[in-house]
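> If you scroll down you'll find the structure; I have some questions about it.
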Amino acid sequence: MNTAFLEHFAALPQEGPSFLAAMRRDALARFTAHGFPTPRNEDWHFTSPAPIVESSFEPMRPMAAPIDRSAIAPWMAGSDEWPLLVFVNGRFAPSLSSTASLPVGVRAMSLASALLEEPTLVERYLGRVASFNEQAFAFVALNTALMRDGSVIHVARDTRVSRPLHMLFLTDDAADGGVTHPRNLVVVDRNAEVSLIEQYASLAGGRSLTNAVTEAVLDDGATLRHYRLQRENMRAFHTGHVDARLARDAHYHSFSFATGAELSRINIYATLGGEGSGATLNGLYMLDDVQHCDHQTRIEHARPNCYSRELYKGILDGASHGVFNGKVYVHAEAQKTDGKQTNNTLLLSERARIDTKPQLEIFADDVKCTHGATVGRLDALSAFYMRSRGITAATTRRLLTYAFAAEVLETIELEPLRTALEALTLARYAGE
Amino acid sequence: MSSSIESLVGKEYQYGFTTDIEADTLPPGLNEDVVRAISRRKREPAFMLEWRLKAFRRWQTLTEPHWSNVTYPPLDYQAISYYSAPKTAKPLGSLDELDPKIRETYDKLGIPLHEQKLLAGVAVDAVFDSVSVGTTYKEELKKHGIVFCSFGEAVQEHPGLVEQYLGSVVPYSDNFFAALNAAVFSDGSFVYVPKGVRCPMELSTYFRINAEGTGQFERTLIVADEGAYVSYLEGCTAPKRSANQLHAAVVELVALDNATVKYSTVQNWYAGDEDGRGGIYNFVTKRGKALRNAKISWTQVETGSAITWKYPSVILQGDNSTGEFYSVAVVNNRQQADTGTKMIHIGRNTKSNIVSKGISAGHGQNSYRGQVKVVPKASGARNYTQCDSMLIGNRCGAHTFPYIEAQNNTAIIEHEASTSKIGEDQIFYLKQRGLSAEQAVSMIVSGFCREVFKELPMEFALEAQQLLGITLEGSVG
């Protein structure tokens, strides 16, 4: 049992509202009782958190030196005009952020300021969606106990936000050996609609742990498009947890893009808690060398007439290890559920490894649920066809690999982001 | 429609009679003395006793696993009697010497042995509780050099073969129930088909748990030598009792180079009553090892047992070996099933094919759990898995837990699963053609399972269809 985190807790400044202090104590007690999961825990069967547990991380130091706006350009997905919240080493960086262009009805601020300015909103939702009552959620418990900052976004009733909101979490030279626990809360009121980019990236190459939790609450008829990009450096450790709760006729679209970190584990959970609601969870992970990336998705169909769609694709090179576990859980009352899930993995190298587990648990009879999983390398027949048209072996490989990824990238509705990620993917396989 | 279907599904277990025969039964409890006593009663050579004791000591260090998707009250291993044999266990020269009461039991089960002789060449090794009481067609098989006998007999007459292959696929240390079985197994079937021999008939064993409070721990070992072929059928029924009974069997299949083993099961152990009282806990380890160019095919129809927990598996060790798994699992009332398969691809160019059909009705919970594993050196591996579930009513559940673990990029793995219910429009169509709702459901279910049934030998396919009908009676609505 890693006692470093207990020391971090003891060192936390005693500030903030009383509900938060109580929640922190509760979370720490759960964490202390359960400890970290091991591969004996079914949810962690293919991912051992041992490298994280065995490292002794310190609370992350503040940013080493002021960061120039040009330094963050590579992460901007081509648009400087989007409202932006930047966090460096876990702390809000107002000088890099810009929320001036936010339309009426939208509030976006750091968690630290929200606790002062919007305590009722925070108290009402924070920690109410992401459960930490099981050992499998030890990292959520840790985040809850130790959170310092993050973003709080509130979209008021009937507000349609045309520009996406960008939350950018950076680490710099001072992050080496440190841990942060970013905590985000997104509340989308009735019939409101918003797009969010939640991005994790590194400005330096040190080893650090980002342990993020994002809770999303979607009221009746609300729509949230959530693009989560994990692009940290190749030595980083990353644990992320997203939990969305949907009311009637709400729609949640999630896209998880993961190319960074040596060891990463990302949970994307959605609870379809109102009739007629739906979730679309898509994702793309592209790994190389010794990277390990684990995606766990869970869609809970709790009410009738809901749908879920899921497409996750992986491209594994080097000696990388991909893990996908897609759970679809249909409650007895969730009649007329329509669920579809697909996981395709492309193995580019002989040493790459994938463990995939698409899982259905169904307790209602009038449902239509399917899942499919495939694992393989590039299709020899397609390659032969392209070669016969005079395309070189290298270009063939590159095109087919890109085409494999493109299918899921195409589902990104936010055009500038889609273009940026497509270019990134094409460049990634261009040199081979 | 619902009421007629419910009346259909509620048919009672028709094999729930007991046979009143004097039995030689060990008192309940398990310790080294019991293991020794079993071995002594079976007049086993020293290597067997040693193996049993090693297994027992290993078992004591293990804890009962609980990772499956089933629930049951704790089992008391000291309350079970580990040996029960009909008193007339002297060697039988012919079927006519069988105890008339046992004969009667078999007749009720619908497998009159003397009639089977006349039927299309099915040899039956009937296991009555723990001791094999009658073996037919032995002489015919002997001509081909095929050994088909009870396990106990094999230990006496072919100790070399038993010692060579026993535990070679499922070692005594494999898991909690396999270790328990290795320590106390009382009998089972043994088959050896020599090099290049194609077994001229289907071999069949009928298992039956009769005595109350006894666990049945049978062990089957089938060895197909190079180039041999054998098809083996196993059927299971048990009388109706209010207490639960444990059935922890082990089946080992060995297919040497170019050999083929086909193993078919129709499992209809007593499933307990409507409220889940009684019934068999069927916790079984079944595994085959396929060497070069060999093929192992499992077909199972699981309609009985309060709890079914088993994963007939194939270790695809040799290059170009093939593994198949065809399964129909039906749960009704309070039945629970957690079943599927494991295909471990080790050799090069190995293939596996999995077709699983699960049907849930009443309060039944049906889980498919499967593993397809491709190790780093298993280049050219190919797997196709299809896994369909059907739900009848909204108090039951269907679950799918497939584990796909690929460590070689030349592997091609495909997995498809679907869950659906019987369409109202399908029933409407069939009713409109003059069929009753009951017949319509039965026809739709048969169609759903057809891919699996066609893998069964014909007599079994008919029986399986009937069993399916009986199990689902009264559930459709």
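Letters A, B, ... go to the chains of the structure tokens in the order shown; residues in each chain start at 1; ligands are counted from 1 in the same order.
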Residues of chain B within 8 Å of chain A, counting only C-alpha atoms - could you list those as a PyMOL selection string?
chain B and resi 376+390-421
> Any chance you can output those residues with C-alpha atoms as a PDB file, in the first residue's frame?

ATOM      1  CA  PRO B 376       3.353 -15.027 -29.798  1.00  0.00           C
ATOM      2  CA  MET B 390     -32.328 -15.293 -27.096  1.00  0.00           C
ATOM      3  CA  LEU B 391     -34.396 -14.003 -24.220  1.00  0.00           C
ATOM      4  CA  ILE B 392     -37.904 -15.168 -23.431  1.00  0.00           C
ATOM      5  CA  GLY B 393     -39.493 -12.906 -20.831  1.00  0.00           C
ATOM      6  CA  ASN B 394     -37.953  -9.998 -18.950  1.00  0.00           C
ATOM      7  CA  ARG B 395     -36.983 -11.729 -15.728  1.00  0.00           C
ATOM      8  CA  CYS B 396     -34.109 -13.634 -17.256  1.00  0.00           C
ATOM      9  CA  GLY B 397     -30.658 -12.514 -18.321  1.00  0.00           C
ATOM     10  CA  ALA B 398     -28.178 -13.146 -21.104  1.00  0.00           C
ATOM     11  CA  HIS B 399     -24.541 -12.217 -20.683  1.00  0.00           C
ATOM     12  CA  THR B 400     -21.494 -12.399 -22.884  1.00  0.00           C
ATOM     13  CA  PHE B 401     -17.908 -12.293 -21.652  1.00  0.00           C
ATOM     14  CA  PRO B 402     -15.546 -13.042 -24.501  1.00  0.00           C
ATOM     15  CA  TYR B 403     -11.824 -12.648 -23.842  1.00  0.00           C
ATOM     16  CA  ILE B 404      -9.778 -12.165 -26.984  1.00  0.00           C
ATOM     17  CA  GLU B 405      -6.054 -12.149 -26.400  1.00  0.00           C
ATOM     18  CA  ALA B 406      -3.894 -11.858 -29.501  1.00  0.00           C
ATOM     19  CA  GLN B 407      -0.120 -11.717 -29.328  1.00  0.00           C
ATOM     20  CA  ASN B 408       0.665 -12.460 -32.940  1.00  0.00           C
ATOM     21  CA  ASN B 409      -0.111 -10.087 -35.768  1.00  0.00           C
ATOM     22  CA  THR B 410      -0.775 -12.810 -38.319  1.00  0.00           C
ATOM     23  CA  ALA B 411      -3.791 -13.885 -36.311  1.00  0.00           C
ATOM     24  CA  ILE B 412      -7.213 -13.224 -37.726  1.00  0.00           C
ATOM     25  CA  ILE B 413      -9.897 -13.189 -35.077  1.00  0.00           C
ATOM     26  CA  GLU B 414     -13.523 -12.385 -35.551  1.00  0.00           C
ATOM     27  CA  HIS B 415     -16.130 -12.290 -32.857  1.00  0.00           C
ATOM     28  CA  GLU B 416     -19.792 -11.562 -33.336  1.00  0.00           C
ATOM     29  CA  ALA B 417     -22.524 -11.606 -30.777  1.00  0.00           C
ATOM     30  CA  SER B 418     -26.170 -10.729 -30.821  1.00  0.00           C
ATOM     31  CA  THR B 419     -29.059 -10.733 -28.397  1.00  0.00           C
ATOM     32  CA  SER B 420     -32.663 -10.677 -29.389  1.00  0.00           C
ATOM     33  CA  LYS B 421     -36.087 -12.026 -28.552  1.00  0.00           C
TER      34      LYS B 421
END
> If you run DSSP on the backbone, which residues of stretch 252-450 of chain B are strand (DSSP E or B), as a PyMOL selection string?
chain B and resi 252-255+260-268+279-290+295-302+307-310+313-316+322-331+336-339+342-345+351-361+365-374+382-392+397-406+412-421
> Grab the atom CA of B:Ala55 to atom CA of B:Gly278 distance for me, in Å with one decimal place.
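According to the coordinates, atom CA of B:Ala55 and atom CA of B:Gly278 are separated by 28.9 Å.
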> Excluding B:Leu26 and any residue of its chain fewer than 6 positions from it, enumerate the residues within 8 Å of it, using only C-alpha atoms, and give them as a PyMOL selection string.
chain B and resi 34+81-84
> Nearest to B:Phe283: which of B:Val328, B:Leu246, B:Ile80, B:Leu62 is it, counting only C-alpha atoms?
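Result for the nearest residue to B:Phe283: B:Leu246.
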> For A:Leu209, work out the shell of residues within 10 Å, counting only C-alpha atoms and skipping chain neighbours fewer than 3 positions away, then give it as a ChimeraX atom specification.
/A:52,55,57-60,171,175-181,206,212,232,235-239,261,263-264
> Mind writing the picked residues with C-alpha atoms as an mmCIF file, in the first residue's frame?

data_model
loop_
_atom_site.group_PDB
_atom_site.id
_atom_site.type_symbol
_atom_site.label_atom_id
_atom_site.label_comp_id
_atom_site.auth_asym_id
_atom_site.auth_seq_id
_atom_site.Cartn_x
_atom_site.Cartn_y
_atom_site.Cartn_z
ATOM 1 C CA ILE A 52 2.252 3.587 -10.932
ATOM 2 C CA SER A 55 6.659 4.955 -8.271
ATOM 3 C CA PHE A 57 5.080 10.596 -6.984
ATOM 4 C CA GLU A 58 5.140 13.940 -5.220
ATOM 5 C CA PRO A 59 2.381 16.512 -5.558
ATOM 6 C CA MET A 60 3.277 18.224 -8.827
ATOM 7 C CA THR A 171 2.791 19.462 -17.883
ATOM 8 C CA ALA A 175 6.227 18.095 -13.628
ATOM 9 C CA ASP A 176 8.846 15.347 -13.504
ATOM 10 C CA GLY A 177 8.110 12.961 -10.654
ATOM 11 C CA GLY A 178 4.838 14.679 -9.861
ATOM 12 C CA VAL A 179 1.170 13.743 -9.801
ATOM 13 C CA THR A 180 -1.914 15.840 -10.493
ATOM 14 C CA HIS A 181 -5.576 15.037 -10.093
ATOM 15 C CA GLY A 206 9.609 13.743 -17.672
ATOM 16 C CA ALA A 212 -8.109 12.892 -14.205
ATOM 17 C CA GLU A 232 1.141 12.996 -23.100
ATOM 18 C CA ARG A 235 7.148 8.248 -20.270
ATOM 19 C CA ALA A 236 3.996 9.595 -18.692
ATOM 20 C CA PHE A 237 1.403 7.621 -16.770
ATOM 21 C CA HIS A 238 -2.209 8.559 -17.322
ATOM 22 C CA THR A 239 -5.373 7.381 -15.619
ATOM 23 C CA ALA A 261 1.786 7.949 -22.326
ATOM 24 C CA LEU A 263 0.923 3.438 -19.462
ATOM 25 C CA SER A 264 -2.602 4.737 -19.749
#
> Choose the residue, out of B:Gln60, B:Ser150, B:Thr285, B:Gln216, that has the smallest atom-to-atom separation from B:Gly167; count only C-alpha atoms.
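Of B:Gln60, B:Ser150, B:Thr285, B:Gln216, the one nearest B:Gly167 is B:Thr285, counting only C-alpha atoms.
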> Suppose you want the space between atom CA of B:Thr205 and atom CA of B:Ile307; what is it in Å?
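Rounded to one decimal, the two atoms are 21.6 Å apart.
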> Which of stretch 362-451 of chain B counts as helix (DSSP H, G or I) under DSSP, as a compact mmCIF listing (two decimals) with N, CA and C atoms, in the first residue's frame please?

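Output below, filename out_39.txt:
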# COMPACT_ATOMS: atom_id res chain seq x y z
N GLU B 424 -42.44 -11.09 -32.51
CA GLU B 424 -43.90 -11.26 -32.56
C GLU B 424 -44.31 -11.54 -34.01
N ASP B 425 -43.62 -10.88 -34.94
CA ASP B 425 -43.99 -11.06 -36.34
C ASP B 425 -43.70 -12.47 -36.81
N GLN B 426 -42.62 -13.07 -36.27
CA GLN B 426 -42.33 -14.45 -36.64
C GLN B 426 -43.43 -15.39 -36.15
N ILE B 427 -43.83 -15.17 -34.89
CA ILE B 427 -44.88 -16.01 -34.32
C ILE B 427 -46.19 -15.79 -35.09
N PHE B 428 -46.46 -14.55 -35.37
CA PHE B 428 -47.68 -14.22 -36.11
C PHE B 428 -47.69 -14.95 -37.45
N TYR B 429 -46.55 -14.90 -38.12
CA TYR B 429 -46.48 -15.54 -39.44
C TYR B 429 -46.78 -17.04 -39.34
N LEU B 430 -46.15 -17.68 -38.37
CA LEU B 430 -46.32 -19.12 -38.24
C LEU B 430 -47.73 -19.48 -37.82
N LYS B 431 -48.32 -18.67 -36.94
CA LYS B 431 -49.70 -18.93 -36.52
C LYS B 431 -50.65 -18.80 -37.70
N GLN B 432 -50.33 -17.84 -38.51
CA GLN B 432 -51.15 -17.58 -39.67
C GLN B 432 -51.06 -18.76 -40.65
N ALA B 437 -49.18 -21.29 -31.13
CA ALA B 437 -48.11 -20.43 -30.62
C ALA B 437 -46.96 -21.30 -30.12
N GLU B 438 -47.36 -22.39 -29.46
CA GLU B 438 -46.38 -23.31 -28.90
C GLU B 438 -45.49 -23.91 -29.98
N GLN B 439 -46.12 -24.39 -31.01
CA GLN B 439 -45.36 -24.99 -32.11
C GLN B 439 -44.48 -23.93 -32.79
N ALA B 440 -45.03 -22.74 -32.89
CA ALA B 440 -44.28 -21.66 -33.54
C ALA B 440 -43.00 -21.38 -32.77
N VAL B 441 -43.14 -21.26 -31.44
CA VAL B 441 -41.96 -20.98 -30.62
C VAL B 441 -40.96 -22.10 -30.73
N SER B 442 -41.48 -23.32 -30.66
CA SER B 442 -40.60 -24.47 -30.73
C SER B 442 -39.84 -24.47 -32.06
N MET B 443 -40.54 -24.11 -33.12
CA MET B 443 -39.91 -24.11 -34.43
C MET B 443 -38.85 -23.00 -34.53
N ILE B 444 -39.18 -21.84 -33.97
CA ILE B 444 -38.22 -20.73 -34.04
C ILE B 444 -36.97 -21.06 -33.22
N VAL B 445 -37.20 -21.67 -32.04
CA VAL B 445 -36.06 -22.03 -31.20
C VAL B 445 -35.21 -23.09 -31.90
N SER B 446 -35.87 -24.06 -32.52
CA SER B 446 -35.11 -25.09 -33.24
C SER B 446 -34.28 -24.46 -34.34
N GLY B 447 -34.86 -23.52 -35.03
CA GLY B 447 -34.14 -22.85 -36.10
C GLY B 447 -32.94 -22.10 -35.56
N PHE B 448 -33.14 -21.47 -34.41
CA PHE B 448 -32.08 -20.71 -33.75
C PHE B 448 -30.90 -21.63 -33.42
N CYS B 449 -31.22 -22.88 -33.06
CA CYS B 449 -30.17 -23.81 -32.61
C CYS B 449 -29.67 -24.74 -33.72
N ARG B 450 -30.22 -24.58 -34.89
CA ARG B 450 -29.96 -25.57 -35.94
C ARG B 450 -28.47 -25.79 -36.21
N GLU B 451 -27.73 -24.69 -36.24
CA GLU B 451 -26.30 -24.80 -36.54
C GLU B 451 -25.58 -25.75 -35.59
> Might you pull out every residue within 8 Å of B:Leu316, with only C-alpha atoms counted and same-chain residues fewer than 3 positions away left off, and present them as a list in words?
Lys289, Ala290, Leu291, Asp319, Ser321, Thr322, Gly323, Met343, Ile344, His345, Ile346, Gly347 and Thr350 of chain B
> Please write the residues from the selection above to a file, keeping C-alpha atoms, as a short mmCIF file (atom, residue, chain, number, x, y, z; two decimals), in the first residue's frame.

data_model
loop_
_atom_site.label_atom_id
_atom_site.label_comp_id
_atom_site.auth_asym_id
_atom_site.auth_seq_id
_atom_site.Cartn_x
_atom_site.Cartn_y
_atom_site.Cartn_z
CA LYS B 289 -5.20 -31.35 -26.60
CA ALA B 290 -4.78 -31.43 -30.35
CA LEU B 291 -1.40 -32.27 -31.82
CA ASP B 319 0.64 -27.09 -36.28
CA SER B 321 -4.70 -28.32 -35.61
CA THR B 322 -8.37 -27.42 -35.40
CA GLY B 323 -10.71 -26.83 -32.48
CA MET B 343 -9.28 -21.97 -27.63
CA ILE B 344 -5.58 -21.70 -26.97
CA HIS B 345 -3.67 -21.28 -30.21
CA ILE B 346 -0.09 -22.46 -29.78
CA GLY B 347 0.90 -24.25 -33.01
CA THR B 350 -4.28 -23.37 -36.13
#
